[in-house]
>>> print(open('run03.csv').read())   # CSV, C-alpha atoms
chain,number,residue,atom,x,y,z
F,1,MET,CA,11.3,-42.4,3.9
F,2,LYS,CA,9.8,-39.8,6.3
F,3,SER,CA,10.4,-37.0,3.9
F,4,ILE,CA,8.3,-38.7,1.2
F,5,LYS,CA,5.6,-39.4,3.8
F,6,SER,CA,5.4,-35.7,4.5
F,7,LEU,CA,5.2,-34.8,0.8
F,8,GLN,CA,2.4,-37.4,0.3
F,9,LYS,CA,0.4,-36.2,3.3
F,10,ASN,CA,0.5,-32.6,2.2
F,11,ILE,CA,-0.3,-33.2,-1.5
F,12,TYR,CA,-3.2,-35.5,-0.4
F,13,LYS,CA,-4.5,-32.7,1.9
F,14,ILE,CA,-4.2,-29.8,-0.5
F,15,THR,CA,-6.0,-31.8,-3.2
F,16,SER,CA,-8.9,-32.6,-0.8
F,17,GLY,CA,-7.9,-36.2,-0.5
F,18,HIS,CA,-7.8,-37.0,-4.2
F,19,PHE,CA,-4.3,-37.0,-5.5
F,20,PHE,CA,-0.9,-38.5,-4.4
F,21,ALA,CA,2.5,-37.2,-5.6
F,22,ASN,CA,4.6,-38.9,-8.3
F,23,TRP,CA,7.7,-37.5,-6.8
F,24,LEU,CA,9.9,-38.9,-9.6
F,25,PRO,CA,7.8,-37.3,-12.5
F,26,ASP,CA,10.0,-38.9,-15.2
F,27,GLU,CA,8.5,-42.2,-14.2
F,28,ARG,CA,5.4,-41.8,-16.3
F,29,ILE,CA,2.1,-42.9,-14.8
F,30,ASN,CA,-0.9,-43.3,-17.0
F,31,VAL,CA,-4.6,-44.0,-16.6
F,32,GLY,CA,-5.2,-47.8,-16.6
F,33,ASP,CA,-1.8,-48.6,-15.1
F,34,PHE,CA,-1.9,-51.1,-12.3
F,35,GLY,CA,0.5,-52.4,-9.7
F,36,PRO,CA,1.4,-52.1,-6.0
F,37,ILE,CA,2.3,-49.1,-3.8
F,38,LYS,CA,5.8,-49.5,-2.2
F,39,ASP,CA,7.7,-47.0,-0.1
F,40,GLY,CA,5.5,-44.1,-1.0
F,41,LYS,CA,5.5,-44.6,-4.7
F,42,PHE,CA,3.5,-46.5,-7.4
F,43,ILE,CA,5.2,-49.5,-8.9
F,44,TYR,CA,4.1,-50.2,-12.5
F,45,SER,CA,3.1,-53.7,-13.3
F,46,ALA,CA,1.2,-53.3,-16.6
F,47,ASN,CA,-1.6,-51.3,-18.2
F,48,LEU,CA,-5.1,-52.8,-18.4
F,49,LYS,CA,-5.0,-52.3,-22.2
F,50,ASP,CA,-2.1,-54.8,-22.2
F,51,ARG,CA,-4.6,-57.3,-20.8
F,52,ASP,CA,-7.2,-56.8,-23.6
F,53,LEU,CA,-9.3,-54.4,-21.5
F,54,GLU,CA,-10.5,-51.4,-23.6
F,55,PHE,CA,-11.5,-48.1,-22.1
F,56,SER,CA,-11.8,-44.4,-22.9
F,57,THR,CA,-10.2,-41.4,-21.2
F,58,GLN,CA,-11.2,-37.8,-21.0
F,59,THR,CA,-8.6,-35.0,-21.0
F,60,ASN,CA,-9.4,-31.3,-20.4
F,61,SER,CA,-8.1,-28.7,-22.8
F,62,ALA,CA,-4.5,-27.5,-22.6
F,63,SER,CA,-4.0,-24.5,-20.4
F,64,ASN,CA,-1.3,-22.3,-18.9
F,65,SER,CA,-2.4,-23.2,-15.4
F,66,THR,CA,0.3,-23.4,-12.7
F,67,PHE,CA,0.2,-25.2,-9.4
F,68,ARG,CA,2.8,-24.2,-6.7
F,69,TYR,CA,2.9,-25.6,-3.2
F,70,GLN,CA,5.8,-25.3,-0.8
F,71,MET,CA,6.2,-26.1,2.8
F,72,LYS,CA,8.8,-24.8,5.2
F,73,THR,CA,11.0,-23.5,2.4
F,74,LYS,CA,12.2,-20.0,1.5
F,75,ILE,CA,13.7,-18.6,-1.7
F,76,GLU,CA,15.9,-15.5,-1.4
F,77,SER,CA,18.1,-13.5,-3.7
F,78,ALA,CA,21.8,-13.9,-3.1
F,79,GLY,CA,22.9,-11.0,-5.3
F,80,LYS,CA,25.1,-11.0,-8.4
F,81,LEU,CA,27.4,-13.8,-9.3
F,82,SER,CA,31.2,-13.2,-9.4
F,83,ALA,CA,32.6,-12.6,-12.8
F,84,ASP,CA,34.3,-16.0,-12.8
F,85,LEU,CA,31.0,-17.8,-12.1
F,86,GLN,CA,29.2,-15.7,-14.7
F,87,GLU,CA,31.7,-17.0,-17.3
F,88,ILE,CA,31.5,-20.6,-16.1
F,89,LEU,CA,27.7,-20.6,-16.1
F,90,GLY,CA,27.3,-19.0,-19.5
F,91,GLY,CA,26.4,-15.4,-18.6
F,92,PHE,CA,23.9,-16.0,-15.8
F,93,LYS,CA,24.2,-13.0,-13.5
F,94,SER,CA,21.9,-13.6,-10.5
F,95,GLN,CA,22.1,-16.1,-7.7
F,96,PHE,CA,19.3,-17.4,-5.5
F,97,ASN,CA,19.2,-19.6,-2.4
F,98,ILE,CA,16.6,-22.1,-1.3
F,99,SER,CA,16.4,-22.9,2.4
F,100,PHE,CA,14.6,-26.1,3.6
F,101,GLY,CA,13.6,-25.8,7.2
F,102,SER,CA,13.0,-29.4,8.3
F,103,LEU,CA,12.9,-33.0,7.2
F,104,GLY,CA,10.2,-33.4,4.6
F,105,SER,CA,10.0,-29.7,3.7
F,106,PHE,CA,9.4,-29.4,-0.1
F,107,ILE,CA,8.6,-27.5,-3.2
F,108,PHE,CA,6.1,-28.9,-5.7
F,109,ASP,CA,5.9,-26.7,-8.7
F,110,LEU,CA,3.9,-27.5,-11.9
F,111,GLU,CA,3.2,-25.6,-15.1
F,112,GLY,CA,0.8,-26.4,-18.0
F,113,ILE,CA,-1.6,-28.6,-16.1
F,114,ARG,CA,-4.1,-30.9,-17.7
F,115,ASN,CA,-6.3,-33.5,-16.2
F,116,LYS,CA,-6.8,-37.0,-17.7
F,117,ARG,CA,-9.3,-39.4,-16.2
F,118,LEU,CA,-11.0,-42.7,-16.9
F,119,LYS,CA,-14.2,-42.0,-18.7
F,120,ASP,CA,-16.5,-45.0,-17.8
F,121,ARG,CA,-15.3,-46.6,-14.6
F,122,GLN,CA,-18.4,-48.7,-14.3
F,123,ALA,CA,-17.9,-50.5,-17.6
F,124,LEU,CA,-14.2,-51.1,-16.9
F,125,LEU,CA,-14.9,-52.5,-13.4
F,126,GLU,CA,-17.4,-55.0,-14.9
F,127,GLU,CA,-15.0,-56.2,-17.6
F,128,LEU,CA,-12.1,-56.3,-15.1
F,129,GLY,CA,-14.2,-58.3,-12.7
F,130,LYS,CA,-15.1,-60.8,-15.4
F,131,LYS,CA,-11.5,-61.4,-16.2
F,132,ILE,CA,-10.6,-61.9,-12.5
F,133,TRP,CA,-13.4,-64.4,-12.0
F,134,LEU,CA,-12.4,-66.3,-15.1
F,135,LYS,CA,-8.7,-66.2,-14.2
F,136,GLN,CA,-7.8,-64.4,-17.4
F,137,ILE,CA,-5.7,-61.8,-15.6
F,138,LYS,CA,-3.3,-62.2,-12.7
F,139,TRP,CA,-4.2,-60.1,-9.8
F,140,GLU,CA,-2.7,-59.4,-6.3
F,141,ASP,CA,-4.2,-57.9,-3.2
F,142,ASP,CA,-1.8,-55.0,-3.1
F,143,PHE,CA,-2.6,-53.9,-6.6
F,144,VAL,CA,-4.2,-50.5,-7.3
F,145,VAL,CA,-5.6,-49.1,-10.6
F,146,ILE,CA,-4.8,-45.5,-11.7
F,147,THR,CA,-8.0,-43.9,-12.7
F,148,GLU,CA,-6.8,-40.3,-13.0
F,149,VAL,CA,-3.6,-38.4,-13.5
F,150,LYS,CA,-2.6,-34.7,-13.3
F,151,MET,CA,-0.3,-34.0,-16.2
F,152,ALA,CA,2.1,-31.1,-16.5
F,153,LYS,CA,4.4,-29.7,-19.3
F,154,LYS,CA,7.1,-28.8,-16.8
F,155,SER,CA,7.6,-29.7,-13.2
F,156,GLN,CA,10.0,-29.2,-10.3
F,157,VAL,CA,9.9,-31.4,-7.2
F,158,MET,CA,12.4,-30.8,-4.3
F,159,VAL,CA,12.1,-32.7,-1.0
F,160,CYS,CA,14.5,-32.2,2.0
F,161,ASP,CA,15.7,-35.6,3.1
F,162,SER,CA,17.7,-34.3,6.1
F,163,ASN,CA,16.9,-32.1,9.1
F,164,LYS,CA,17.8,-28.9,7.2
F,165,ALA,CA,19.3,-28.2,3.8
F,166,SER,CA,20.1,-25.4,1.4
F,167,LEU,CA,20.5,-25.1,-2.3
F,168,SER,CA,22.2,-22.3,-4.4
F,169,PHE,CA,21.4,-21.8,-8.0
F,170,ALA,CA,21.9,-19.3,-10.9
F,171,CYS,CA,18.8,-18.4,-13.0
F,172,SER,CA,18.1,-16.8,-16.3
F,173,GLY,CA,15.1,-15.1,-14.9
F,174,ASN,CA,13.8,-14.0,-11.4
F,175,PRO,CA,11.8,-16.7,-9.6
F,176,LEU,CA,10.8,-14.2,-7.0
F,177,GLU,CA,9.0,-12.2,-9.7
F,178,HIS,CA,7.5,-15.2,-11.4
F,179,GLY,CA,6.6,-16.9,-8.1
F,180,SER,CA,7.7,-20.2,-9.7
F,181,LEU,CA,10.8,-22.2,-10.6
F,182,VAL,CA,9.2,-23.5,-13.9
F,183,LYS,CA,7.1,-20.7,-15.2
F,184,GLY,CA,8.1,-19.4,-18.6
F,185,ASN,CA,11.4,-20.3,-20.2
F,186,MET,CA,13.6,-19.8,-17.1
F,187,ASP,CA,16.8,-21.8,-17.1
F,188,ILE,CA,18.3,-23.0,-13.8
F,189,LYS,CA,21.9,-24.1,-13.1
F,190,TYR,CA,22.8,-25.4,-9.7
F,191,ILE,CA,25.9,-24.2,-7.9
F,192,ASN,CA,26.0,-26.1,-4.6
F,193,GLN,CA,23.9,-27.7,-1.9
F,194,SER,CA,24.2,-28.8,1.7
F,195,ASP,CA,22.9,-32.1,3.1
F,196,SER,CA,20.4,-34.3,1.3
F,197,ILE,CA,17.8,-33.0,-1.1
F,198,ILE,CA,15.7,-35.2,-3.5
F,199,GLU,CA,15.4,-33.1,-6.6
F,200,ALA,CA,13.5,-34.1,-9.7
F,201,PRO,CA,13.0,-31.6,-12.5
F,202,SER,CA,11.1,-32.7,-15.6
F,203,GLU,CA,10.3,-31.1,-19.0
F,204,GLY,CA,7.9,-32.5,-21.5
F,205,GLN,CA,4.6,-34.1,-20.7
F,206,ASN,CA,4.8,-35.9,-17.3
F,207,SER,CA,2.3,-37.0,-14.6
F,208,PRO,CA,3.3,-35.5,-11.2
F,209,MET,CA,0.0,-36.5,-9.5
F,210,PHE,CA,-2.2,-39.5,-9.7
F,211,HIS,CA,-5.4,-41.0,-8.2
F,212,PRO,CA,-5.3,-44.8,-7.3
F,213,VAL,CA,-8.2,-47.1,-6.5
F,214,ARG,CA,-8.3,-50.5,-4.9
F,215,LEU,CA,-10.5,-53.5,-5.8
F,216,VAL,CA,-12.6,-54.6,-2.9
F,217,PHE,CA,-14.6,-57.9,-2.9
F,218,THR,CA,-17.7,-58.3,-0.7
F,219,PRO,CA,-19.6,-61.7,-0.6
F,220,GLY,CA,-23.4,-61.4,-0.6
F,221,GLY,CA,-23.5,-58.0,-2.3
F,222,PRO,CA,-22.4,-54.4,-1.6
F,223,GLY,CA,-23.2,-54.6,2.1
F,224,GLY,CA,-21.1,-57.7,2.8
F,225,SER,CA,-17.9,-57.8,4.8
F,226,PRO,CA,-14.8,-57.3,2.6
F,227,ILE,CA,-12.5,-60.2,1.9
F,228,SER,CA,-9.1,-60.3,0.2
F,229,TYR,CA,-8.5,-61.7,-3.2
F,230,LYS,CA,-6.3,-64.3,-1.6
F,231,GLN,CA,-9.3,-65.5,0.4
F,232,LEU,CA,-11.6,-65.3,-2.6
F,233,LYS,CA,-9.2,-67.6,-4.5
F,234,ALA,CA,-9.3,-70.1,-1.6
F,235,ARG,CA,-13.1,-70.2,-1.8
F,236,LEU,CA,-13.0,-70.8,-5.5
F,237,LYS,CA,-10.6,-73.6,-5.0
F,238,SER,CA,-12.6,-75.3,-2.3
F,239,LEU,CA,-16.0,-75.0,-4.0
F,240,LEU,CA,-14.8,-75.7,-7.5
F,241,PRO,CA,-11.7,-77.9,-7.0
F,242,ASP,CA,-11.8,-79.7,-10.4
F,243,GLN,CA,-12.9,-76.9,-12.7
F,244,GLY,CA,-12.9,-73.2,-13.2
F,245,LEU,CA,-15.7,-70.9,-14.1
F,246,LYS,CA,-17.0,-70.5,-17.7
F,247,PRO,CA,-18.1,-67.2,-19.1
F,248,GLU,CA,-21.7,-68.2,-18.8
F,249,ASP,CA,-21.2,-68.8,-15.1
F,250,VAL,CA,-20.5,-65.1,-14.4
F,251,VAL,CA,-23.6,-62.9,-14.8
F,252,ILE,CA,-23.6,-59.2,-14.1
F,253,ASP,CA,-26.6,-57.9,-12.2
F,254,PRO,CA,-28.2,-55.1,-14.4
F,255,SER,CA,-29.3,-53.3,-11.2
F,256,ASN,CA,-25.7,-52.0,-10.9
F,257,TYR,CA,-26.6,-49.0,-13.0
F,258,VAL,CA,-29.6,-48.1,-10.8
F,259,ASP,CA,-27.6,-48.5,-7.6
F,260,ASN,CA,-24.8,-46.3,-8.8
F,261,LEU,CA,-27.2,-43.7,-10.2
F,262,GLN,CA,-28.8,-43.5,-6.7
F,263,SER,CA,-25.5,-43.3,-4.9
F,264,ASN,CA,-24.1,-40.8,-7.4
F,265,ASP,CA,-20.6,-42.2,-6.8
F,266,GLU,CA,-19.0,-42.1,-10.2
F,267,ASP,CA,-15.5,-42.3,-8.9
F,268,ASN,CA,-16.1,-45.5,-6.8
F,269,PRO,CA,-18.6,-47.7,-8.7
F,270,SER,CA,-19.8,-51.2,-7.7
F,271,ALA,CA,-20.6,-54.2,-9.8
F,272,ILE,CA,-22.7,-57.1,-8.6
F,273,PHE,CA,-21.9,-60.6,-10.0
F,274,HIS,CA,-24.1,-63.7,-9.8
F,275,ILE,CA,-21.6,-66.6,-9.8
F,276,LYS,CA,-22.7,-70.1,-10.5
F,277,ASN,CA,-22.4,-72.4,-7.4
F,278,LEU,CA,-20.9,-69.5,-5.4
F,279,GLY,CA,-23.7,-66.9,-5.0
F,280,ILE,CA,-23.7,-63.1,-5.2
F,281,TYR,CA,-20.5,-61.1,-5.0
F,282,ALA,CA,-19.9,-57.4,-5.3
F,283,LEU,CA,-16.7,-55.8,-6.7
F,284,HIS,CA,-15.9,-52.2,-5.9
F,285,PHE,CA,-13.5,-49.5,-6.9
F,286,ARG,CA,-12.5,-47.7,-3.6
F,287,SER,CA,-10.2,-44.7,-3.6
F,288,LEU,CA,-7.0,-45.2,-1.5
F,289,THR,CA,-6.8,-43.2,1.7
F,290,ILE,CA,-3.6,-41.6,2.9
F,291,GLU,CA,-3.4,-44.2,5.7
F,292,GLU,CA,-3.7,-47.1,3.3
F,293,PHE,CA,-1.2,-45.5,0.9
F,294,LEU,CA,1.5,-45.0,3.5
F,295,LYS,CA,0.9,-48.4,5.1
F,296,GLU,CA,1.3,-50.3,1.9
F,297,HIS,CA,5.0,-51.0,2.3
F,298,GLU,CA,4.5,-52.3,5.8
F,299,GLU,CA,2.0,-55.0,4.7
F,300,ASP,CA,3.1,-58.5,3.6
F,301,ASP,CA,3.1,-59.4,-0.1
F,302,SER,CA,-0.5,-60.5,0.0
F,303,GLY,CA,-1.7,-57.2,1.6
F,304,SER,CA,-3.8,-59.3,3.9
F,305,ASN,CA,-3.8,-60.8,7.4
F,306,SER,CA,-3.0,-64.4,8.1
F,307,ASP,CA,-6.6,-65.3,7.9
F,308,GLY,CA,-6.9,-63.8,4.4
F,309,THR,CA,-9.0,-60.8,5.4
F,310,MET,CA,-8.2,-57.3,4.5
F,311,GLY,CA,-8.0,-56.1,8.1
F,312,ASN,CA,-7.1,-52.5,8.7
F,313,LEU,CA,-6.4,-51.8,5.0
F,314,LEU,CA,-10.2,-51.3,4.4
F,315,ARG,CA,-10.7,-49.0,7.4
F,316,GLU,CA,-10.6,-45.3,7.0
F,317,THR,CA,-8.2,-45.0,10.0
F,318,THR,CA,-5.8,-47.3,11.8
F,319,ASP,CA,-4.1,-47.2,15.2
F,320,GLU,CA,-0.7,-48.0,13.7
F,321,VAL,CA,-0.5,-45.2,11.1
F,322,GLU,CA,-0.2,-41.5,11.9
F,323,SER,CA,-3.3,-39.7,10.5
F,324,VAL,CA,-3.1,-36.6,8.4
F,325,PRO,CA,-2.2,-33.7,10.8
F,326,GLU,CA,-4.7,-30.9,11.1
F,327,ASP,CA,-2.0,-28.3,11.8
F,328,ILE,CA,0.2,-28.7,8.8
F,329,VAL,CA,2.2,-25.5,8.2
F,330,GLU,CA,1.5,-24.3,4.7
F,331,GLU,CA,3.9,-21.4,4.0
F,332,GLU,CA,2.7,-20.8,0.5
F,333,VAL,CA,0.0,-22.2,-1.8
F,334,GLN,CA,-0.5,-20.6,-5.2
F,335,ILE,CA,-3.0,-22.0,-7.6
F,336,GLU,CA,-3.5,-19.9,-10.7
F,337,HIS,CA,-6.5,-20.6,-13.0
F,338,TYR,CA,-6.5,-24.1,-11.6
F,339,GLN,CA,-8.7,-26.5,-13.6
F,340,VAL,CA,-11.3,-28.4,-11.6
F,341,ARG,CA,-10.8,-32.1,-12.2
F,342,THR,CA,-14.4,-32.7,-13.3
F,343,ASN,CA,-14.2,-30.3,-16.2
F,344,ALA,CA,-15.4,-31.9,-19.4
F,345,GLY,CA,-12.9,-32.3,-22.2
F,346,GLU,CA,-12.4,-34.2,-25.4
F,347,ALA,CA,-12.9,-38.0,-25.1
F,348,GLN,CA,-9.9,-39.9,-26.1
F,349,GLY,CA,-9.6,-43.6,-26.8
>>> encode(input="run03.csv", output="structure tokens")
Amino acid sequence: MKSIKSLQKNIYKITSGHFFANWLPDERINVGDFGPIKDGKFIYSANLKDRDLEFSTQTNSASNSTFRYQMKTKIESAGKLSADLQEILGGFKSQFNISFGSLGSFIFDLEGIRNKRLKDRQALLEELGKKIWLKQIKWEDDFVVITEVKMAKKSQVMVCDSNKASLSFACSGNPLEHGSLVKGNMDIKYINQSDSIIEAPSEGQNSPMFHPVRLVFTPGGPGGSPISYKQLKARLKSLLPDQGLKPEDVVIDPSNYVDNLQSNDEDNPSAIFHIKNLGIYALHFRSLTIEEFLKEHEEDDSGSNSDGTMGNLLRETTDEVESVPEDIVEEEVQIEHYQVRTNAGEAQG
């Protein structure tokens, strides 16, 4: 949907290319989840802990931080409700209108933000790589791994799915004073709307933003040309037709730690494997770009070209996909006491 593409492009831009929107926040996304991206949303397959892969997470302390981002929308007071409506709506007295100016205009409103991230990506990448080499876990080329989520106590996501739309609601507080639809204990009751609006309120801990990474395989080491998992399986089958690999056939190069320390890329580590009868292969976590994210649903099920290579999925830009516009109109961005994602917190298992 074009409206969801607009939302994803804007959330990606405002978070400096780090997060994507979980625009149905009640669909919980957690660190360690893996699965494909389809039609602008993450599709859960399983969690790595379900596949006997242990890892730790780090969560920053609870806060009253809010994150509010709206594009081409306007909230206005519509005066007092009629006596009849006040009685029907349980005593609410004030009415407000939200106008959505175009397809894809939206409100993304969060309260009580916390950040949860994978604590040791290097160790997890190595253990996951072992299981993939030994065929102890089923993997697909279009799978991503969630390594970080932005959690919120309350959230409100509204996306205009038509050229223009409007929404009327009664409220126990004044969102114009609070600058938010979720701040405090405001209660909202909707009266009517025009045209199509995707509306997803959520209370209780939810994960409205997430950071996905892709697994990338490079024969010969970190500087090799990327190949797909489909092509990797074909190589294994041709070179080892009658037997699979044993645990002792897969050796991790200890120089991984030196390389990653030098590159200082904690978010996107690399692991180098010496594979018996196959040579050296590197496995990488690589953050998904907006072009890759939005193109996922246009690829075939393998996520690869007919020759098994990853093709444009591994490039930073493509000709077929519209790049993030530089002139996005941001009518309002409010970030109060926003926690930086690298803040230290308590380690959780």
>>> residues_around(input="run03.csv", residues="Gly17 of chain F", least_positions_apart="6", cutoff="12 Å", atoms="only C-alpha atoms", output="VMD selection string")
chain F and resid 8 to 11 209 to 212 287 to 291 293 324
>>> atom_distance(input="run03.csv", atom1="atom CA of Asp161 of chain F", atom2="atom CA of Leu110 of chain F")
20.7 Å
>>> residues_around(input="run03.csv", residues="Val216 of chain F", least_positions_apart="5", cutoff="7 Å", atoms="all atoms listed in the file", output="PyMOL selection string")
chain F and resi 226+283-286
>>> write_last_selection(input="run03.csv", atoms="C-alpha atoms", output="PDB file, in the coordinates of the input")
ATOM      1  CA  PRO F 226     -14.800 -57.300   2.600  1.00  0.00           C
ATOM      2  CA  LEU F 283     -16.700 -55.800  -6.700  1.00  0.00           C
ATOM      3  CA  HIS F 284     -15.900 -52.200  -5.900  1.00  0.00           C
ATOM      4  CA  PHE F 285     -13.500 -49.500  -6.900  1.00  0.00           C
ATOM      5  CA  ARG F 286     -12.500 -47.700  -3.600  1.00  0.00           C
TER       6      ARG F 286
END
>>> atom_distance(input="run03.csv", atom1="atom CA of Ser172 of chain F", atom2="atom CA of Asp187 of chain F")
5.2 Å
>>> closest_residue(input="run03.csv", among="F:Lys130, F:Lys119, F:Lys74, F:Lys164", to="Gly101 of chain F", atoms="all atoms listed in the file")
F:Lys164
>>> closest_atom_pairs(input="run03.csv", of="segment 77-140 of chain F", to="segment 27-30 of chain F", cutoff="12 Å", atoms="all atoms listed in the file", output="tab-separated table")
residue	atom	partner	partner_atom	distance
F:Asn115	CA	F:Asn30	CA	11.2
F:Lys116	CA	F:Asn30	CA	8.7
F:Arg117	CA	F:Asn30	CA	9.3
F:Leu118	CA	F:Asn30	CA	10.1
>>> atom_distance(input="run03.csv", atom1="atom CA of Gln136 of chain F", atom2="atom CA of Ser56 of chain F")
21.1 Å
>>> residues_near_point(input="run03.csv", point="(-14.8, -59.6, -17.2)", cutoff="12 Å", atoms="all atoms listed in the file", output="number ranges by chain")
F: 48, 51-54, 122-137, 245-252, 271-273, 283
>>> closest_residue(input="run03.csv", among="F:Gln70, F:Ser270, F:Ala170, F:Tyr229", to="Ser82 of chain F", atoms="all atoms listed in the file")
F:Ala170
>>> closest_atom_pairs(input="run03.csv", of="segment 16-133 of chain F", to="segment 147-158 of chain F", cutoff="9 Å", atoms="all atoms listed in the file", output="tab-separated table")
residue	atom	partner	partner_atom	distance
F:Phe19	CA	F:Val149	CA	8.2
F:Trp23	CA	F:Val157	CA	6.5
F:Leu24	CA	F:Val157	CA	7.9
F:Pro25	CA	F:Ser155	CA	7.6
F:Ile29	CA	F:Val149	CA	7.4
F:Asn30	CA	F:Val149	CA	6.6
F:Val31	CA	F:Thr147	CA	5.2
F:Gly32	CA	F:Thr147	CA	6.2
F:Asp33	CA	F:Thr147	CA	8.1
F:Thr57	CA	F:Glu148	CA	8.9
F:Thr66	CA	F:Ala152	CA	8.8
F:Ser105	CA	F:Met158	CA	8.4
F:Phe106	CA	F:Met158	CA	5.3
F:Ile107	CA	F:Met158	CA	5.2
F:Phe108	CA	F:Val157	CA	4.8
F:Asp109	CA	F:Gln156	CA	5.1
F:Leu110	CA	F:Ser155	CA	4.5
F:Glu111	CA	F:Lys154	CA	5.3
F:Gly112	CA	F:Lys153	CA	5.1
F:Ile113	CA	F:Ala152	CA	4.5
F:Arg114	CA	F:Met151	CA	5.1
F:Asn115	CA	F:Lys150	CA	4.9
F:Lys116	CA	F:Val149	CA	5.5
F:Arg117	CA	F:Glu148	CA	4.2
F:Leu118	CA	F:Thr147	CA	5.3
F:Lys119	CA	F:Thr147	CA	8.8
F:Arg121	CA	F:Thr147	CA	8.0
>>> write_last_selection(input="run03.csv", atoms="C-alpha atoms", output="compact mmCIF listing (two decimals), keeping the file's coordinate frame")
# COMPACT_ATOMS: atom_id res chain seq x y z
CA PHE F 19 -4.30 -37.00 -5.50
CA TRP F 23 7.70 -37.50 -6.80
CA LEU F 24 9.90 -38.90 -9.60
CA PRO F 25 7.80 -37.30 -12.50
CA ILE F 29 2.10 -42.90 -14.80
CA ASN F 30 -0.90 -43.30 -17.00
CA VAL F 31 -4.60 -44.00 -16.60
CA GLY F 32 -5.20 -47.80 -16.60
CA ASP F 33 -1.80 -48.60 -15.10
CA THR F 57 -10.20 -41.40 -21.20
CA THR F 66 0.30 -23.40 -12.70
CA SER F 105 10.00 -29.70 3.70
CA PHE F 106 9.40 -29.40 -0.10
CA ILE F 107 8.60 -27.50 -3.20
CA PHE F 108 6.10 -28.90 -5.70
CA ASP F 109 5.90 -26.70 -8.70
CA LEU F 110 3.90 -27.50 -11.90
CA GLU F 111 3.20 -25.60 -15.10
CA GLY F 112 0.80 -26.40 -18.00
CA ILE F 113 -1.60 -28.60 -16.10
CA ARG F 114 -4.10 -30.90 -17.70
CA ASN F 115 -6.30 -33.50 -16.20
CA LYS F 116 -6.80 -37.00 -17.70
CA ARG F 117 -9.30 -39.40 -16.20
CA LEU F 118 -11.00 -42.70 -16.90
CA LYS F 119 -14.20 -42.00 -18.70
CA ARG F 121 -15.30 -46.60 -14.60
